[in-house]
Structure formats: structure tokens, C-alpha cells
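Undergrad: Supplied in C-alpha cells, the structure appears directly below.
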Amino acid sequence: MAACSSGSRPSWQAPVARAIESYAPIGDGRTVALIGLNGRIDWLPLPNLTNVPVFAHLLDDETGGSFALAPDLPESQYRAERRYVPNTNVLETTFTTAEGAVRVTDALVSGVAGRLPWAELARRVDGLSGTVPMRWAVRPGTSLQTAAPWVERTAHGHVVRSGATAFTVVGIDHGPADPEIDGERGPELAGAFAARAGSRHLVALAATHDEPLHFPTPENVDAGIDRTVENWCHWSRVFSYDGPYAEAMQRNALALKLLIYSPTGAIAAAATTSLPENPEGGKNWDYRLAWVRDLAYTAQALVRFGLREETQAALSWMLQTIRKRGPELHVMYTLDGELVPEPHASHVRGWRGIGPVVSGNPASGQLQLGVYGDLIAICRTYVDAGNVLDVDTARMLAGVADRTCDLWRNPDSGMWELGTDRHYISSKMGCWKALDDAAALAEAGSIPGSAERWRAERDRIRQWIDAHGWSEERRSYLFYAGGDELDASVLLHAPTGFDRGERMSATIDALTAELGAGPLLYRYSGAEREEHTFVACAFWRVEALACVGRHEEALELMDDLVERANDVGIYAEMIDAATGSAWGNTPQALSHLAFLGAVMTIRDVVAADLLDGR
């Protein structure tokens with residue numbers, strides 16, 4: 001491999017983070033890197049997603065840090081195109097200039113026996129034609145203004161330290177030259193080389209947190225990229241789906257897989273924190289946490305795909321964590337199974353200056369009654385798939401069902417974690433689902449308790465919803481009792497079986513009229529004044545349409561929504577209906593889960609002749 005020389009700060013480093021949809025994620029089961037179309041990594045916590053990110057230019061364009069690799073030319077003088085290596089989460093970006101072309105392959109490398117005990121990010125550059133001048137620059141950040149990065153010279157090479165995180169850069173013959181110091185911006189390791197047809201170069205880093213640091217050899221890292229491709233391909237061969245939108249389903253499943261935190265089996269709601277929901281800021285949340293709701297939806301999808309290992313890991317982690325942190329069921333937990341701390345704001349600007357940047361989440365202590373339905377539903381799905389619950393889980397679920405009977409009449413914070421407690425209708429529907437599934441589990445002998453009591457209380461909930469949750473005037477299920485506003489989350493209860501008839505069909509029409517923006521949908525009445533359309537809601541409408549028998553409408557919307565992902569098939573939390581730009585945290589588990597659920601329901605209920613060509 002050719003040696004790299006040090007150089008000045010790259011002229012192509014942008015002053016602010018790119019559009020959210022311009023980023024493509026890669027991951028290794030512990031962390032996620034976001035790579036811009038310009039070849040710059042602007043987000044990478046090391047070695048775990050839960051660590052404070054050493055590379056956080058995404059949120060801190062002054063001292064956040066980044067890892068850049070691109071042609072040493074103005075951006076106007078090259079074209080970038082990218083894709084994932086088929087059936088993998090390994091990214092390929094092809095840069096084409098007037099003088100030649102190169103392919104950059106980016107991977108968070110896996111080991112021979114699975115996840116490596118350290119984080120290893122590899123960036124391979126293959127010359128395709130002509131000659132292309134390339135530059136790379138590793139600029140460690142301040143870990144959201146909590147650490148001052150510095151470079152330690154050791155007998156084996158440079159070690160970059162930022163707080164408790166340490167990493168080294170390898171893949172060159174003699175190592176980078178002495179690091180440059182650029183005023184307040186801190187140290188930088190940089191280099192340049194010429195990529196010619198048939199050449200191969202490699203720049204990689206290995207990182208640990210509060211533990212010894214392994215120095216990998218470049219040859220092992222290079223081989224690790226190929227091994228990582230094969231490992232992802234093996235997972236994709238096990239992934240079981242036969243039906244419409246097959247290519248998009250594969251990509252969405254792979255995106256979701258990036259958010260499965262392998263050290264525990266938890267599911268991160270997203271890979272980022274504090275990406276804003278609107279230009280005014282304020283609604284910036286940390287989603288690197290495990291919601292019971294998202295984990296239940298994920299496990300439902302995994303069961304339907306026949307992915308046994310992830311299902312077992314996710315469900316076991318969730319149930320053990322709930323028991324450990326009980327007796328009350330919390331809305332979310334950390335990826336390590338702890339209670340979520342109160343939010344803490346970092347002293348950085350935020351994406352494009354839209355703050356705040358926070359860790360933690362204020363909704364962790366809320367009462368959300370719908371979570372009871374999510375928890376019991378996934379346990380029923382698990383049992384229906386031919387598995388058996390342990391004794392402690394069975395007892396806990398019986399207690400949750402009894403608790404649902406006692407609490408369903410109370411107001412709660414609802415699915416959207418709003419600050420005002422109300423009698424949210426989708427929460428009551430979730431309680432109906434909890435007791436319906438609990439009664440079925442009891443009748444099957446899977447959990448103890450009184451199925452008779454649970455069925456009776458389930459029927460009272462339906463009567464209450466009929467009386468307080470349906471509006472003849474609006475021809476729709478309502479957002480909350482006593483109001484006349486609407487809420488897209490009631491669409492979730494078409495697939496649960498609460499309502500697949502005329503009322504749900506009418507609700508779809510009412511939501512479309514008030515909350516719709518073409519194929520997209522806002523979350524609830526008035527949301528358009530404070531945020532953009534919510535991606536998951538659009539797919540929930542598709543699934544509800546399929547459930548009520550409006551199949552052609554479901555397919556028309558689905559065909560449009562498939563094209564709303566970014567260039568590599570990734571969905572963030574929200575989409576600006578006017579511009580198509582992404583907003584909110586990314587990749588967003590709930591968005592990809594909603595895609596998977598909608599397509600699987602389409603496969604199961606839509607006539608085959610309507611699915612031709614999809």
C-alpha cells in the first residue's frame with residue numbers, strides 16, 4: 001500500500017453538516033457510522049452507540065470531529081454515486097472525475113466469530129480507471145464538548161484520545177506524519193495519495209473505550225472487509241421473505257438490523273440524537289434508547305421473517321430488563337438495560353445550528369397504557385410461533401394484564417409522549433389488545449390468571465371506545481375523549497384486529513383529509529404547525545387500507561412511498577412534504593418497521609393478481 005503524506009486541512013470540508021438524507025449508515029452490531037455523499041463520516045460513537053461520539057460533526061460543526069475521504073478536488077469537479085454491496089450493510093461509493101474513477105468501500109468490520117471486541121472502521125479505495133488524487137483526514141472531536149482530544153505517540157504508532165475513547169489509524173506504510181494542530185480545532189491526522197487503475201489503498205481505525213487498544217494490521221483489516229461482506233450475505237440468506245417489494249424489504253430489514261444492539265439484544269429507536277423535527281428546534285430527542293414499543297414491533301417482524309436468534313435475544317433482554325427494573329413497566333430503557341436518565345444538554349450548536357443537543361429522554365417516566373398491549377402482543381406472537389414462556393415471564397404477564405384492568409380508565413401520555421395526560425383513544429385500543437392477547441394466552445395454558453376477567457374487561461374497553469372514542473360527526477376515531485381532533489396512531493389497530501370494518505375505513509378517509517400530504521401523513525391534528533410528516537404514519541395508513549380491503553389504494557400509496565427513501569433506501573423519522581427532505585433522527589427503527597409491517601400485510605391479504613411486478 002502506498003504511503004500517505006500529511007497535508008493541510010482539506011478544502012472540501014463543508015462548514016456545516018449535510019442534509020439528513022445525504023447520509024448512509026453502516027454498522028457492526030455495536031455502533032453506527034453515518035457517511036455523507038461527500039465521503040465524510042460525520043457521526044460515529046466509539047466503540048458503542050451508547051458512547052459519546054468522537055465524530056459528531058453532524059451535531060457540532062465547530063469541534064464535532066469527522067473522518068473524511070474523497071477526491072482532493074472541489075466537489076464541483078467530481079460526481080459521487082453509491083450503493084450497498086447487495087445483501088449487506090457495506091457501502092460502496094464511486095467517485096468519478098474528469099481524469100478517472102475510484103471506488104471507496106466502507107465497512108464496520110466483523111470478526112471471524114462475529115462482532116469484534118473493539119470497533120474497526122475500514123475504508124478501502126480501489127482505483128477503477130485513470131488517476132484520481134485522494135485525501136483523507138481524521139479530525140477527532142471534543143465528544144460534544146466533554147473532552148479535549150490529543151494524540152499520544154507510542155512505540156506502535158499514534159493513539160488518539162478523547163475522554164475515555166482511544167483509537168489508532170492504520171493502513172499506510174509508515175503511518176501519518178506528525179499531527180497538525182489547528183488552533184481551537186485540535187489535532188488532525190491527514191494524508192494524500194494517487195489512486196490509479198488497479199491500485200488499492202486502505203485507511204482504517206480501531207477504537208476502544210476505557211480499555212486497552214488493539215493495533216490491527218492493515219492486511220487483516222483489508223481481509224476483514226471481505227469477511228464482513230460474507231457475514232452480511234449469510235444473514236441475508238437466512239432472512240426469509242417471499243413476496244412483493246422484495247428488494248426494498250431486504251434493505252429495510254438490513255437497516256433495522258443495524259439498530260439491534262448485539263451486546264444485549266436491545267433495539268435502538270434510532271442511531272442518532274437531537275436531529276430536529278422542525279427548523280425552529282426544541283423537539284430534539286435522544287433516540288439511542290430501547291422503547292418497549294419499538295422492540296415489540298421489531299420482534300413481531302423478526303418472528304414473521306423466521307429470524308430466531310434476534311427474536312430470542314430481543315425478547316429475552318426486554319423481559320429480563322422489565323423484571324429487573326420493575327415492578328412498574330417503563331416506556332423505555334437504555335441499551336444496557338438501565339433506567340433512562342433525565343435529559344442533559346450539551347454545549348454544542350446542533351445540526352445546522354438547530355439545538356438543543358441532548359442525551360437521555362424526558363418521556364421515560366410517563367404512563368403510556370399502549371405499552372401493555374405491545375408487551376403482551378409480542379409474547380403471544382412468540383408463543384404462537386411454537387415457543388414457551390418461562391415461569392417468571394408468565395407470572396409477570398398475568399400481572400400486567402391485571403394491571404391493565406385496573407389502569408385502563410386512567411388518562412395517560414399517549415403514544416406520542418405529549419405533556420398533557422388525556423384519555424387517548426389509541427391507548428385504550430392498546431389496552432383492549434393487551435387483554436385480548438392475555439385471555440388467549442391464558443386459555444392456551446401459557447400464562448396463569450383469569451381469562452374470564454380479562455375478556456370481560458376487554459369488552460368494557462370496547463364499549464367505552466364506542467361511546468367516547470368515535471365521532472359520528474367526524475366519521476372517525478378521535479385523538480382523545482372529549483375532543484374532536486384526530487390521531488394517526490389509531491391506524492395501528494386495524495392490524496391488531498380491533499377494527500377492520502367500516503369505522504376504520506372511514507377513519508382512514510378522515511385522517512387523509514385532515515392530516516394527509518399526498519402519500520405522507522402528519523401524526524395528529526395541528527402537527528403540521530410544529531413538525532414535518534411522520535414516515536411511520538404513512539405506512540400505517542397503507543397497512544390499514546390493506547386490512548379494510550382497499551387494496552388498490554394501499555398499493556398505489558406503497559409504490560409512491562418506496563421512492564421516498566434516500567438514494568440507498570434509508571428512512572429518517574420525518575419527511576418535509578414540500579421538499580422531500582428528511583428530518584429527525586436516522587435511521588429510524590419505527591419508519592423501517594412500519595415499512596416491513598405494511599408490506600407483510602399486503603402480502604398476506606392482497607390478491608396475487610394485484611401484486612404482479614412489485
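Just remember, in the C-alpha cells the first chain shown is A, the second B, etc., residues are 1-based per chain, and ligands are 1-based in the order shown.
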Do a neighbour search on stretch 167-170 of chain A at 8 Å with only C-alpha atoms, toss out local chain neighbours closer than 6 positions, and write the hits as a PyMOL selection string.

TA: chain A and resi 157-161+203-208+213+215-218

Undergrad: I'd like the contact shell of A:Ile465 - 9 Å cut-off, only C-alpha atoms, skipping same-chain residues fewer than 4 positions apart - returned as a PyMOL selection string.

TA: chain A and resi 425+428-429+460-461+469-470+477+481

Undergrad: Taking 4 positions as the minimum chain separation for residues in the same chain, which residues sit within 7 Å of stretch 117-129 of chain A when counting only C-alpha atoms? Answer as a list of chain:residue names.

TA: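 The residues satisfying every condition are A:Leu46, A:Pro47, A:Gly100, A:Ala101, A:Val102, A:Arg103, A:Val104, A:Thr105, A:Asp106, A:Ala107, A:Leu108, A:Val109, A:Ala195, A:Arg196, A:Ala197, A:Gly198, A:Ser199, A:Arg200, A:His201, A:Leu202, A:Val203, A:Ala204, A:Leu205, A:Ala206, A:Ala207, A:Thr208, A:Val221.
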
Undergrad: Using only C-alpha atoms, determine which residues lie at most 8 Å from A:Glu543, disregarding the query and same-chain residues fewer than 4 positions distant; provide the list as a count of residues only.

TA: 10

Undergrad: Go through stretch 502-611 of chain A and flag each residue having an atom no more than 12 Å from stretch 63-82 of chain A; for those, report the closest pair of atoms plus their distance in Å to one decimal, using only C-alpha atoms, ordered by chain and rising number, as a tab-separated table.

TA:
residue	atom	partner	partner_atom	distance
A:Asn566	CA	A:Arg82	CA	11.2
A:Asp567	CA	A:Arg82	CA	7.9
A:Val568	CA	A:Arg82	CA	7.4
A:Gly569	CA	A:Arg82	CA	11.2

Undergrad: Just want the 12 Å neighbourhood of A:Glu528, counted on only C-alpha atoms, with same-chain residues fewer than 2 positions away dropped. Output as a ChimeraX atom specification.

TA: /A:277-278,514-517,520-526,530-534,574-578

Undergrad: Now that the selection is made, can you save its residues with N, CA, C and O atoms as a PDB file, in the first residue's frame?

TA:
ATOM      1  N   GLU A 277     -36.879  18.038  14.454  1.00  0.00           N
ATOM      2  CA  GLU A 277     -38.121  17.734  13.753  1.00  0.00           C
ATOM      3  C   GLU A 277     -38.660  18.937  12.989  1.00  0.00           C
ATOM      4  O   GLU A 277     -39.587  18.794  12.192  1.00  0.00           O
ATOM      5  N   ASN A 278     -38.096  20.116  13.243  1.00  0.00           N
ATOM      6  CA  ASN A 278     -38.519  21.314  12.524  1.00  0.00           C
ATOM      7  C   ASN A 278     -37.416  22.352  12.591  1.00  0.00           C
ATOM      8  O   ASN A 278     -36.509  22.257  13.428  1.00  0.00           O
ATOM      9  N   GLU A 514     -57.555  15.411   6.753  1.00  0.00           N
ATOM     10  CA  GLU A 514     -57.037  16.405   7.708  1.00  0.00           C
ATOM     11  C   GLU A 514     -55.528  16.350   7.886  1.00  0.00           C
ATOM     12  O   GLU A 514     -54.884  17.381   8.067  1.00  0.00           O
ATOM     13  N   LEU A 515     -54.939  15.161   7.850  1.00  0.00           N
ATOM     14  CA  LEU A 515     -53.518  15.004   8.153  1.00  0.00           C
ATOM     15  C   LEU A 515     -52.677  14.636   6.937  1.00  0.00           C
ATOM     16  O   LEU A 515     -51.454  14.589   7.034  1.00  0.00           O
ATOM     17  N   GLY A 516     -53.317  14.366   5.814  1.00  0.00           N
ATOM     18  CA  GLY A 516     -52.585  13.870   4.660  1.00  0.00           C
ATOM     19  C   GLY A 516     -51.853  14.964   3.896  1.00  0.00           C
ATOM     20  O   GLY A 516     -52.286  16.113   3.826  1.00  0.00           O
ATOM     21  N   ALA A 517     -50.715  14.571   3.318  1.00  0.00           N
ATOM     22  CA  ALA A 517     -49.954  15.427   2.407  1.00  0.00           C
ATOM     23  C   ALA A 517     -49.472  14.528   1.281  1.00  0.00           C
ATOM     24  O   ALA A 517     -48.354  14.032   1.290  1.00  0.00           O
ATOM     25  N   LEU A 520     -47.992  11.053   2.226  1.00  0.00           N
ATOM     26  CA  LEU A 520     -47.450  11.222   3.573  1.00  0.00           C
ATOM     27  C   LEU A 520     -48.553  11.629   4.544  1.00  0.00           C
ATOM     28  O   LEU A 520     -49.646  12.027   4.144  1.00  0.00           O
ATOM     29  N   LEU A 521     -48.232  11.561   5.843  1.00  0.00           N
ATOM     30  CA  LEU A 521     -49.246  11.790   6.863  1.00  0.00           C
ATOM     31  C   LEU A 521     -48.591  12.434   8.087  1.00  0.00           C
ATOM     32  O   LEU A 521     -47.516  12.012   8.516  1.00  0.00           O
ATOM     33  N   TYR A 522     -49.253  13.453   8.634  1.00  0.00           N
ATOM     34  CA  TYR A 522     -48.832  14.019   9.914  1.00  0.00           C
ATOM     35  C   TYR A 522     -49.357  13.152  11.047  1.00  0.00           C
ATOM     36  O   TYR A 522     -50.287  12.368  10.877  1.00  0.00           O
ATOM     37  N   ARG A 523     -48.781  13.338  12.241  1.00  0.00           N
ATOM     38  CA  ARG A 523     -49.125  12.459  13.356  1.00  0.00           C
ATOM     39  C   ARG A 523     -50.513  12.725  13.928  1.00  0.00           C
ATOM     40  O   ARG A 523     -51.250  11.797  14.246  1.00  0.00           O
ATOM     41  N   TYR A 524     -50.851  13.996  14.106  1.00  0.00           N
ATOM     42  CA  TYR A 524     -52.117  14.328  14.751  1.00  0.00           C
ATOM     43  C   TYR A 524     -52.528  15.741  14.350  1.00  0.00           C
ATOM     44  O   TYR A 524     -51.741  16.489  13.741  1.00  0.00           O
ATOM     45  N   SER A 525     -53.733  16.118  14.673  1.00  0.00           N
ATOM     46  CA  SER A 525     -54.268  17.421  14.281  1.00  0.00           C
ATOM     47  C   SER A 525     -53.368  18.540  14.802  1.00  0.00           C
ATOM     48  O   SER A 525     -53.019  18.575  15.989  1.00  0.00           O
ATOM     49  N   GLY A 526     -53.001  19.445  13.923  1.00  0.00           N
ATOM     50  CA  GLY A 526     -52.159  20.572  14.290  1.00  0.00           C
ATOM     51  C   GLY A 526     -50.674  20.311  14.190  1.00  0.00           C
ATOM     52  O   GLY A 526     -49.872  21.245  14.335  1.00  0.00           O
ATOM     53  N   GLU A 530     -45.945  22.381  13.696  1.00  0.00           N
ATOM     54  CA  GLU A 530     -44.782  22.238  14.571  1.00  0.00           C
ATOM     55  C   GLU A 530     -43.780  21.189  14.124  1.00  0.00           C
ATOM     56  O   GLU A 530     -42.710  21.061  14.730  1.00  0.00           O
ATOM     57  N   GLU A 531     -44.075  20.434  13.077  1.00  0.00           N
ATOM     58  CA  GLU A 531     -43.153  19.397  12.621  1.00  0.00           C
ATOM     59  C   GLU A 531     -43.530  18.967  11.212  1.00  0.00           C
ATOM     60  O   GLU A 531     -44.524  19.426  10.640  1.00  0.00           O
ATOM     61  N   HIS A 532     -42.737  18.038  10.670  1.00  0.00           N
ATOM     62  CA  HIS A 532     -42.995  17.519   9.325  1.00  0.00           C
ATOM     63  C   HIS A 532     -43.775  16.207   9.399  1.00  0.00           C
ATOM     64  O   HIS A 532     -44.083  15.704  10.482  1.00  0.00           O
ATOM     65  N   THR A 533     -44.109  15.647   8.248  1.00  0.00           N
ATOM     66  CA  THR A 533     -44.869  14.396   8.229  1.00  0.00           C
ATOM     67  C   THR A 533     -44.041  13.275   8.845  1.00  0.00           C
ATOM     68  O   THR A 533     -42.813  13.250   8.743  1.00  0.00           O
ATOM     69  N   PHE A 534     -44.738  12.348   9.472  1.00  0.00           N
ATOM     70  CA  PHE A 534     -44.103  11.246  10.198  1.00  0.00           C
ATOM     71  C   PHE A 534     -44.106  10.016   9.294  1.00  0.00           C
ATOM     72  O   PHE A 534     -45.164   9.538   8.886  1.00  0.00           O
ATOM     73  N   MET A 574     -38.860  11.742   9.782  1.00  0.00           N
ATOM     74  CA  MET A 574     -39.857  12.601   9.153  1.00  0.00           C
ATOM     75  C   MET A 574     -39.425  13.012   7.750  1.00  0.00           C
ATOM     76  O   MET A 574     -38.239  12.941   7.415  1.00  0.00           O
ATOM     77  N   ILE A 575     -40.400  13.442   6.960  1.00  0.00           N
ATOM     78  CA  ILE A 575     -40.149  13.941   5.609  1.00  0.00           C
ATOM     79  C   ILE A 575     -40.897  15.249   5.431  1.00  0.00           C
ATOM     80  O   ILE A 575     -42.087  15.347   5.763  1.00  0.00           O
ATOM     81  N   ASP A 576     -40.209  16.254   4.904  1.00  0.00           N
ATOM     82  CA  ASP A 576     -40.844  17.514   4.536  1.00  0.00           C
ATOM     83  C   ASP A 576     -41.668  17.264   3.275  1.00  0.00           C
ATOM     84  O   ASP A 576     -41.123  16.961   2.212  1.00  0.00           O
ATOM     85  N   ALA A 577     -42.992  17.398   3.391  1.00  0.00           N
ATOM     86  CA  ALA A 577     -43.868  17.077   2.267  1.00  0.00           C
ATOM     87  C   ALA A 577     -43.624  17.992   1.074  1.00  0.00           C
ATOM     88  O   ALA A 577     -43.857  17.603  -0.072  1.00  0.00           O
ATOM     89  N   ALA A 578     -43.140  19.199   1.321  1.00  0.00           N
ATOM     90  CA  ALA A 578     -42.945  20.153   0.232  1.00  0.00           C
ATOM     91  C   ALA A 578     -41.662  19.896  -0.547  1.00  0.00           C
ATOM     92  O   ALA A 578     -41.627  20.053  -1.766  1.00  0.00           O
TER      93      ALA A 578
END
